[in-house]
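Structure, as structure tokens:
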Amino acid sequence: MQYVPPQNVIPHPTQLIPPQFGYVILVFIYSWVMLAYLGVKVGIARKKYNVKYPAMYSDKEPIFNCIQLAHQNTLEIFPQWLIFQLIAGVVYPITASLLGIIWVTSRFSYAWGYYSGVPEKRMNGSYGYIGLLGVIFLSIVIAINTLILL
């Protein structure tokens, strides 16, 4: 009689994610860099325009408000993007990563347009909707496909 070691029925965590999911993780790191950059810009602007905490905006310095809004608006949409990016990335890691790169890069363009002091220039980042709507669409496809398999 030959000894057969017991099979491990619990998969290793790395077996639960697709091999290319590392790209999705790199996009998450890129998004952290973007958020840090926007936050630092607000901190620098607070000192430059003498806007003390806890004030969110300035009554005297509209350019500070533009810098703050670029950061604040990004923070408002970030959680939604993060969830859709994660869902899409689990099933379509390469496509989701490309869409994520588009969205994160667009937030830099959005901010730089806002930093000009001409709020309409924030629309320079409107190409980010390709990335955002793309991962939303992929998440819907995944949800439908998952329900069909039931």
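Naming scheme: A, B, ... for chains in displayed order of the structure tokens; residues 1 onward per chain; ligands 1 onward as shown.
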
Determine, counting only C-alpha atoms, which protein, DNA and RNA residues have an atom within 12 Å of an atom of Pro119 of chain A; residues of the same chain fewer than 4 positions away are not included. Present the result as a PDB file with all heavy atoms, in the first residue's frame.
```pdb
ATOM      1  N   PRO A  62      -9.410  82.513  -5.596  1.00  0.00           N
ATOM      2  CA  PRO A  62     -10.114  81.548  -6.454  1.00  0.00           C
ATOM      3  C   PRO A  62      -9.193  80.469  -7.030  1.00  0.00           C
ATOM      4  O   PRO A  62      -9.640  79.347  -7.265  1.00  0.00           O
ATOM      5  CB  PRO A  62     -10.729  82.401  -7.556  1.00  0.00           C
ATOM      6  CG  PRO A  62     -10.142  83.752  -7.436  1.00  0.00           C
ATOM      7  CD  PRO A  62      -9.531  83.879  -6.082  1.00  0.00           C
ATOM      8  N   ILE A  63      -7.918  80.777  -7.218  1.00  0.00           N
ATOM      9  CA  ILE A  63      -6.997  79.764  -7.750  1.00  0.00           C
ATOM     10  C   ILE A  63      -6.816  78.633  -6.732  1.00  0.00           C
ATOM     11  O   ILE A  63      -6.723  77.462  -7.116  1.00  0.00           O
ATOM     12  CB  ILE A  63      -5.639  80.378  -8.176  1.00  0.00           C
ATOM     13  CG1 ILE A  63      -4.816  79.373  -8.972  1.00  0.00           C
ATOM     14  CG2 ILE A  63      -4.862  80.874  -6.991  1.00  0.00           C
ATOM     15  CD1 ILE A  63      -5.305  79.142 -10.351  1.00  0.00           C
ATOM     16  N   PHE A  64      -6.794  78.974  -5.436  1.00  0.00           N
ATOM     17  CA  PHE A  64      -6.732  77.918  -4.426  1.00  0.00           C
ATOM     18  C   PHE A  64      -7.955  77.021  -4.540  1.00  0.00           C
ATOM     19  O   PHE A  64      -7.850  75.788  -4.462  1.00  0.00           O
ATOM     20  CB  PHE A  64      -6.648  78.479  -3.002  1.00  0.00           C
ATOM     21  CG  PHE A  64      -6.786  77.398  -1.966  1.00  0.00           C
ATOM     22  CD1 PHE A  64      -5.702  76.594  -1.647  1.00  0.00           C
ATOM     23  CD2 PHE A  64      -8.007  77.134  -1.356  1.00  0.00           C
ATOM     24  CE1 PHE A  64      -5.835  75.552  -0.731  1.00  0.00           C
ATOM     25  CE2 PHE A  64      -8.147  76.101  -0.440  1.00  0.00           C
ATOM     26  CZ  PHE A  64      -7.058  75.306  -0.123  1.00  0.00           C
ATOM     27  N   ASN A  65      -9.120  77.628  -4.731  1.00  0.00           N
ATOM     28  CA  ASN A  65     -10.347  76.844  -4.847  1.00  0.00           C
ATOM     29  C   ASN A  65     -10.289  75.899  -6.038  1.00  0.00           C
ATOM     30  O   ASN A  65     -10.784  74.766  -5.962  1.00  0.00           O
ATOM     31  CB  ASN A  65     -11.558  77.761  -4.940  1.00  0.00           C
ATOM     32  CG  ASN A  65     -11.772  78.557  -3.662  1.00  0.00           C
ATOM     33  OD1 ASN A  65     -11.274  78.190  -2.599  1.00  0.00           O
ATOM     34  ND2 ASN A  65     -12.502  79.644  -3.763  1.00  0.00           N
ATOM     35  N   CYS A  66      -9.685  76.338  -7.128  1.00  0.00           N
ATOM     36  CA  CYS A  66      -9.532  75.464  -8.300  1.00  0.00           C
ATOM     37  C   CYS A  66      -8.640  74.268  -7.974  1.00  0.00           C
ATOM     38  O   CYS A  66      -8.946  73.130  -8.355  1.00  0.00           O
ATOM     39  CB  CYS A  66      -8.958  76.253  -9.474  1.00  0.00           C
ATOM     40  SG  CYS A  66     -10.112  77.442 -10.189  1.00  0.00           S
ATOM     41  N   ILE A  67      -7.556  74.518  -7.262  1.00  0.00           N
ATOM     42  CA  ILE A  67      -6.636  73.438  -6.892  1.00  0.00           C
ATOM     43  C   ILE A  67      -7.326  72.465  -5.938  1.00  0.00           C
ATOM     44  O   ILE A  67      -7.236  71.241  -6.091  1.00  0.00           O
ATOM     45  CB  ILE A  67      -5.347  74.027  -6.272  1.00  0.00           C
ATOM     46  CG1 ILE A  67      -4.588  74.828  -7.327  1.00  0.00           C
ATOM     47  CG2 ILE A  67      -4.472  72.924  -5.669  1.00  0.00           C
ATOM     48  CD1 ILE A  67      -3.489  75.711  -6.779  1.00  0.00           C
ATOM     49  N   GLN A  68      -8.050  73.018  -4.965  1.00  0.00           N
ATOM     50  CA  GLN A  68      -8.773  72.192  -4.004  1.00  0.00           C
ATOM     51  C   GLN A  68      -9.878  71.379  -4.698  1.00  0.00           C
ATOM     52  O   GLN A  68     -10.068  70.200  -4.410  1.00  0.00           O
ATOM     53  CB  GLN A  68      -9.363  73.077  -2.895  1.00  0.00           C
ATOM     54  CG  GLN A  68     -10.363  72.403  -1.978  1.00  0.00           C
ATOM     55  CD  GLN A  68      -9.774  71.303  -1.120  1.00  0.00           C
ATOM     56  OE1 GLN A  68      -8.579  71.049  -1.100  1.00  0.00           O
ATOM     57  NE2 GLN A  68     -10.633  70.617  -0.396  1.00  0.00           N
ATOM     58  N   LEU A  69     -10.596  71.997  -5.613  1.00  0.00           N
ATOM     59  CA  LEU A  69     -11.686  71.300  -6.307  1.00  0.00           C
ATOM     60  C   LEU A  69     -11.169  70.161  -7.185  1.00  0.00           C
ATOM     61  O   LEU A  69     -11.832  69.137  -7.304  1.00  0.00           O
ATOM     62  CB  LEU A  69     -12.515  72.287  -7.130  1.00  0.00           C
ATOM     63  CG  LEU A  69     -13.541  73.079  -6.330  1.00  0.00           C
ATOM     64  CD1 LEU A  69     -14.087  74.234  -7.157  1.00  0.00           C
ATOM     65  CD2 LEU A  69     -14.664  72.179  -5.846  1.00  0.00           C
ATOM     66  N   ALA A  70     -10.020  70.353  -7.804  1.00  0.00           N
ATOM     67  CA  ALA A  70      -9.455  69.273  -8.618  1.00  0.00           C
ATOM     68  C   ALA A  70      -9.218  68.031  -7.750  1.00  0.00           C
ATOM     69  O   ALA A  70      -9.526  66.906  -8.161  1.00  0.00           O
ATOM     70  CB  ALA A  70      -8.143  69.722  -9.264  1.00  0.00           C
ATOM     71  N   TYR A 110      -7.152  66.670 -15.938  1.00  0.00           N
ATOM     72  CA  TYR A 110      -8.259  67.405 -15.314  1.00  0.00           C
ATOM     73  C   TYR A 110      -7.704  68.427 -14.311  1.00  0.00           C
ATOM     74  O   TYR A 110      -8.066  69.600 -14.335  1.00  0.00           O
ATOM     75  CB  TYR A 110      -9.171  66.385 -14.621  1.00  0.00           C
ATOM     76  CG  TYR A 110     -10.334  66.952 -13.851  1.00  0.00           C
ATOM     77  CD1 TYR A 110     -11.544  67.211 -14.488  1.00  0.00           C
ATOM     78  CD2 TYR A 110     -10.243  67.192 -12.482  1.00  0.00           C
ATOM     79  CE1 TYR A 110     -12.625  67.706 -13.779  1.00  0.00           C
ATOM     80  CE2 TYR A 110     -11.316  67.687 -11.767  1.00  0.00           C
ATOM     81  CZ  TYR A 110     -12.511  67.941 -12.428  1.00  0.00           C
ATOM     82  OH  TYR A 110     -13.580  68.433 -11.724  1.00  0.00           O
ATOM     83  N   ALA A 111      -6.805  67.964 -13.447  1.00  0.00           N
ATOM     84  CA  ALA A 111      -6.243  68.835 -12.417  1.00  0.00           C
ATOM     85  C   ALA A 111      -5.426  69.964 -13.039  1.00  0.00           C
ATOM     86  O   ALA A 111      -5.565  71.131 -12.648  1.00  0.00           O
ATOM     87  CB  ALA A 111      -5.380  68.018 -11.460  1.00  0.00           C
ATOM     88  N   TRP A 112      -4.572  69.639 -13.997  1.00  0.00           N
ATOM     89  CA  TRP A 112      -3.738  70.686 -14.606  1.00  0.00           C
ATOM     90  C   TRP A 112      -4.596  71.739 -15.295  1.00  0.00           C
ATOM     91  O   TRP A 112      -4.261  72.917 -15.282  1.00  0.00           O
ATOM     92  CB  TRP A 112      -2.728  70.071 -15.572  1.00  0.00           C
ATOM     93  CG  TRP A 112      -1.721  69.205 -14.876  1.00  0.00           C
ATOM     94  CD1 TRP A 112      -1.240  69.342 -13.599  1.00  0.00           C
ATOM     95  CD2 TRP A 112      -1.080  68.052 -15.410  1.00  0.00           C
ATOM     96  NE1 TRP A 112      -0.341  68.338 -13.323  1.00  0.00           N
ATOM     97  CE2 TRP A 112      -0.218  67.529 -14.412  1.00  0.00           C
ATOM     98  CE3 TRP A 112      -1.148  67.396 -16.635  1.00  0.00           C
ATOM     99  CZ2 TRP A 112       0.563  66.402 -14.601  1.00  0.00           C
ATOM    100  CZ3 TRP A 112      -0.366  66.266 -16.823  1.00  0.00           C
ATOM    101  CH2 TRP A 112       0.481  65.778 -15.825  1.00  0.00           C
ATOM    102  N   GLY A 113      -5.695  71.306 -15.893  1.00  0.00           N
ATOM    103  CA  GLY A 113      -6.621  72.283 -16.484  1.00  0.00           C
ATOM    104  C   GLY A 113      -7.222  73.181 -15.417  1.00  0.00           C
ATOM    105  O   GLY A 113      -7.303  74.404 -15.582  1.00  0.00           O
ATOM    106  N   TYR A 114      -7.638  72.587 -14.308  1.00  0.00           N
ATOM    107  CA  TYR A 114      -8.200  73.359 -13.197  1.00  0.00           C
ATOM    108  C   TYR A 114      -7.156  74.306 -12.608  1.00  0.00           C
ATOM    109  O   TYR A 114      -7.463  75.444 -12.259  1.00  0.00           O
ATOM    110  CB  TYR A 114      -8.688  72.412 -12.107  1.00  0.00           C
ATOM    111  CG  TYR A 114     -10.142  72.573 -11.715  1.00  0.00           C
ATOM    112  CD1 TYR A 114     -10.887  71.473 -11.339  1.00  0.00           C
ATOM    113  CD2 TYR A 114     -10.768  73.813 -11.687  1.00  0.00           C
ATOM    114  CE1 TYR A 114     -12.214  71.587 -10.960  1.00  0.00           C
ATOM    115  CE2 TYR A 114     -12.084  73.944 -11.312  1.00  0.00           C
ATOM    116  CZ  TYR A 114     -12.803  72.836 -10.947  1.00  0.00           C
ATOM    117  OH  TYR A 114     -14.110  72.961 -10.573  1.00  0.00           O
ATOM    118  N   TYR A 115      -5.910  73.841 -12.484  1.00  0.00           N
ATOM    119  CA  TYR A 115      -4.850  74.657 -11.892  1.00  0.00           C
ATOM    120  C   TYR A 115      -4.591  75.940 -12.685  1.00  0.00           C
ATOM    121  O   TYR A 115      -3.997  76.872 -12.157  1.00  0.00           O
ATOM    122  CB  TYR A 115      -3.532  73.882 -11.813  1.00  0.00           C
ATOM    123  CG  TYR A 115      -3.531  72.666 -10.920  1.00  0.00           C
ATOM    124  CD1 TYR A 115      -2.478  71.759 -10.974  1.00  0.00           C
ATOM    125  CD2 TYR A 115      -4.561  72.404 -10.022  1.00  0.00           C
ATOM    126  CE1 TYR A 115      -2.452  70.638 -10.166  1.00  0.00           C
ATOM    127  CE2 TYR A 115      -4.535  71.275  -9.216  1.00  0.00           C
ATOM    128  CZ  TYR A 115      -3.484  70.392  -9.292  1.00  0.00           C
ATOM    129  OH  TYR A 115      -3.438  69.279  -8.502  1.00  0.00           O
ATOM    130  N   MET A 123     -11.905  70.362 -18.447  1.00  0.00           N
ATOM    131  CA  MET A 123     -12.464  69.442 -19.436  1.00  0.00           C
ATOM    132  C   MET A 123     -11.369  68.789 -20.280  1.00  0.00           C
ATOM    133  O   MET A 123     -11.642  67.852 -21.015  1.00  0.00           O
ATOM    134  CB  MET A 123     -13.482  70.165 -20.320  1.00  0.00           C
ATOM    135  CG  MET A 123     -14.683  70.722 -19.530  1.00  0.00           C
ATOM    136  SD  MET A 123     -15.445  69.526 -18.397  1.00  0.00           S
ATOM    137  CE  MET A 123     -16.171  68.408 -19.553  1.00  0.00           C
ATOM    138  N   ASN A 124     -10.124  69.257 -20.143  1.00  0.00           N
ATOM    139  CA  ASN A 124      -9.005  68.585 -20.819  1.00  0.00           C
ATOM    140  C   ASN A 124      -8.896  67.129 -20.366  1.00  0.00           C
ATOM    141  O   ASN A 124      -8.319  66.305 -21.067  1.00  0.00           O
ATOM    142  CB  ASN A 124      -7.681  69.302 -20.523  1.00  0.00           C
ATOM    143  CG  ASN A 124      -7.610  70.681 -21.144  1.00  0.00           C
ATOM    144  OD1 ASN A 124      -8.414  71.038 -21.996  1.00  0.00           O
ATOM    145  ND2 ASN A 124      -6.651  71.472 -20.700  1.00  0.00           N
ATOM    146  N   GLY A 125      -9.460  66.835 -19.219  1.00  0.00           N
ATOM    147  CA  GLY A 125      -9.426  65.472 -18.701  1.00  0.00           C
ATOM    148  C   GLY A 125     -10.675  64.662 -19.001  1.00  0.00           C
ATOM    149  O   GLY A 125     -10.829  63.555 -18.488  1.00  0.00           O
TER     150      GLY A 125
END
```

Could you pull out the alpha helix (DSSP H) residues of chain A, going by DSSP on the backbone, and write them as a PyMOL selection string?
chain A and resi 21-49+62-91+93-115+128-148

Store the residues of this selection in a file with C-alpha atoms, as a JSON list (two decimals), in the first residue's frame.
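Result file is selection_31.json:
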```json
[["chain", "number", "residue", "atom", "x", "y", "z"],
["A", 21, "PHE", "CA", -3.95, 40.80, -12.22],
["A", 22, "GLY", "CA", -0.58, 42.29, -11.32],
["A", 23, "TYR", "CA", -1.27, 44.94, -13.97],
["A", 24, "VAL", "CA", -4.45, 45.91, -12.15],
["A", 25, "ILE", "CA", -2.47, 46.22, -8.93],
["A", 26, "LEU", "CA", 0.05, 48.48, -10.70],
["A", 27, "VAL", "CA", -2.83, 50.69, -11.85],
["A", 28, "PHE", "CA", -4.00, 50.92, -8.23],
["A", 29, "ILE", "CA", -0.48, 52.03, -7.26],
["A", 30, "TYR", "CA", -0.52, 54.57, -10.11],
["A", 31, "SER", "CA", -3.85, 55.89, -8.76],
["A", 32, "TRP", "CA", -2.29, 56.25, -5.31],
["A", 33, "VAL", "CA", 0.54, 58.32, -6.84],
["A", 34, "MET", "CA", -2.06, 60.51, -8.57],
["A", 35, "LEU", "CA", -4.02, 61.07, -5.33],
["A", 36, "ALA", "CA", -0.83, 61.83, -3.42],
["A", 37, "TYR", "CA", 0.21, 64.34, -6.09],
["A", 38, "LEU", "CA", -3.17, 66.12, -5.97],
["A", 39, "GLY", "CA", -3.06, 66.18, -2.16],
["A", 40, "VAL", "CA", 0.45, 67.62, -2.07],
["A", 41, "LYS", "CA", -0.61, 70.32, -4.54],
["A", 42, "VAL", "CA", -3.42, 71.33, -2.17],
["A", 43, "GLY", "CA", -0.98, 71.43, 0.75],
["A", 44, "ILE", "CA", 1.43, 73.63, -1.19],
["A", 45, "ALA", "CA", -1.43, 75.90, -2.26],
["A", 46, "ARG", "CA", -2.64, 76.22, 1.35],
["A", 47, "LYS", "CA", 0.73, 77.65, 2.31],
["A", 48, "LYS", "CA", 1.06, 79.83, -0.79],
["A", 49, "TYR", "CA", -2.44, 81.35, -0.47],
["A", 62, "PRO", "CA", -10.11, 81.55, -6.45],
["A", 63, "ILE", "CA", -7.00, 79.76, -7.75],
["A", 64, "PHE", "CA", -6.73, 77.92, -4.43],
["A", 65, "ASN", "CA", -10.35, 76.84, -4.85],
["A", 66, "CYS", "CA", -9.53, 75.46, -8.30],
["A", 67, "ILE", "CA", -6.64, 73.44, -6.89],
["A", 68, "GLN", "CA", -8.77, 72.19, -4.00],
["A", 69, "LEU", "CA", -11.69, 71.30, -6.31],
["A", 70, "ALA", "CA", -9.45, 69.27, -8.62],
["A", 71, "HIS", "CA", -8.50, 67.15, -5.61],
["A", 72, "GLN", "CA", -11.97, 67.07, -4.05],
["A", 73, "ASN", "CA", -13.74, 66.11, -7.28],
["A", 74, "THR", "CA", -11.27, 63.28, -7.83],
["A", 75, "LEU", "CA", -11.83, 62.01, -4.29],
["A", 76, "GLU", "CA", -15.60, 62.03, -4.88],
["A", 77, "ILE", "CA", -15.44, 59.70, -7.89],
["A", 78, "PHE", "CA", -12.46, 57.60, -6.74],
["A", 79, "PRO", "CA", -14.35, 55.01, -4.63],
["A", 80, "GLN", "CA", -16.75, 54.22, -7.47],
["A", 81, "TRP", "CA", -13.91, 53.90, -9.97],
["A", 82, "LEU", "CA", -11.99, 51.69, -7.54],
["A", 83, "ILE", "CA", -14.86, 49.21, -7.16],
["A", 84, "PHE", "CA", -15.55, 48.99, -10.89],
["A", 85, "GLN", "CA", -11.83, 48.73, -11.65],
["A", 86, "LEU", "CA", -11.51, 45.83, -9.21],
["A", 87, "ILE", "CA", -14.55, 43.97, -10.58],
["A", 88, "ALA", "CA", -13.46, 44.43, -14.20],
["A", 89, "GLY", "CA", -9.85, 43.60, -13.35],
["A", 90, "VAL", "CA", -10.65, 40.21, -11.85],
["A", 91, "VAL", "CA", -12.13, 38.95, -15.14],
["A", 93, "PRO", "CA", -7.22, 42.30, -16.17],
["A", 94, "ILE", "CA", -5.48, 43.61, -19.30],
["A", 95, "THR", "CA", -8.46, 45.56, -20.64],
["A", 96, "ALA", "CA", -9.30, 46.91, -17.19],
["A", 97, "SER", "CA", -5.68, 47.97, -16.67],
["A", 98, "LEU", "CA", -5.62, 49.90, -19.94],
["A", 99, "LEU", "CA", -8.93, 51.57, -19.05],
["A", 100, "GLY", "CA", -7.55, 52.33, -15.58],
["A", 101, "ILE", "CA", -4.44, 53.95, -17.01],
["A", 102, "ILE", "CA", -6.66, 56.14, -19.18],
["A", 103, "TRP", "CA", -8.81, 57.18, -16.21],
["A", 104, "VAL", "CA", -5.92, 57.88, -13.81],
["A", 105, "THR", "CA", -3.97, 59.82, -16.43],
["A", 106, "SER", "CA", -7.07, 61.87, -17.23],
["A", 107, "ARG", "CA", -7.26, 63.00, -13.61],
["A", 108, "PHE", "CA", -3.84, 64.62, -14.02],
["A", 109, "SER", "CA", -5.09, 66.39, -17.16],
["A", 110, "TYR", "CA", -8.26, 67.41, -15.31],
["A", 111, "ALA", "CA", -6.24, 68.84, -12.42],
["A", 112, "TRP", "CA", -3.74, 70.69, -14.61],
["A", 113, "GLY", "CA", -6.62, 72.28, -16.48],
["A", 114, "TYR", "CA", -8.20, 73.36, -13.20],
["A", 115, "TYR", "CA", -4.85, 74.66, -11.89],
["A", 128, "GLY", "CA", -11.20, 59.84, -18.66],
["A", 129, "TYR", "CA", -14.83, 58.91, -19.23],
["A", 130, "ILE", "CA", -13.51, 56.30, -21.68],
["A", 131, "GLY", "CA", -11.76, 54.59, -18.78],
["A", 132, "LEU", "CA", -14.54, 55.07, -16.23],
["A", 133, "LEU", "CA", -17.42, 54.04, -18.48],
["A", 134, "GLY", "CA", -15.29, 51.20, -19.83],
["A", 135, "VAL", "CA", -14.85, 49.55, -16.43],
["A", 136, "ILE", "CA", -18.50, 50.19, -15.57],
["A", 137, "PHE", "CA", -19.50, 48.44, -18.80],
["A", 138, "LEU", "CA", -17.18, 45.50, -18.10],
["A", 139, "SER", "CA", -18.60, 45.22, -14.57],
["A", 140, "ILE", "CA", -22.15, 45.07, -15.97],
["A", 141, "VAL", "CA", -21.08, 42.36, -18.44],
["A", 142, "ILE", "CA", -19.53, 40.37, -15.59],
["A", 143, "ALA", "CA", -22.67, 40.74, -13.46],
["A", 144, "ILE", "CA", -24.93, 39.58, -16.31],
["A", 145, "ASN", "CA", -22.65, 36.67, -17.20],
["A", 146, "THR", "CA", -22.51, 35.63, -13.55],
["A", 147, "LEU", "CA", -26.31, 35.68, -13.27],
["A", 148, "ILE", "CA", -26.75, 33.74, -16.51]]
```

To one decimal place, how far is atom CA of Tyr92 of chain A from atom CA of Leu149 of chain A in Å?
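According to the coordinates, atom CA of Tyr92 of chain A and atom CA of Leu149 of chain A are separated by 17.5 Å.
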
Take atom CA of Pro54 of chain A and atom CA of Gly117 of chain A and report the distance between them in Å, one decimal.
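Taking atom CA of Pro54 of chain A and atom CA of Gly117 of chain A, their separation equals 22.5 Å.
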
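The space between atom CA of Val118 of chain A and atom CA of Ala55 of chain A spans 21.9 Å.
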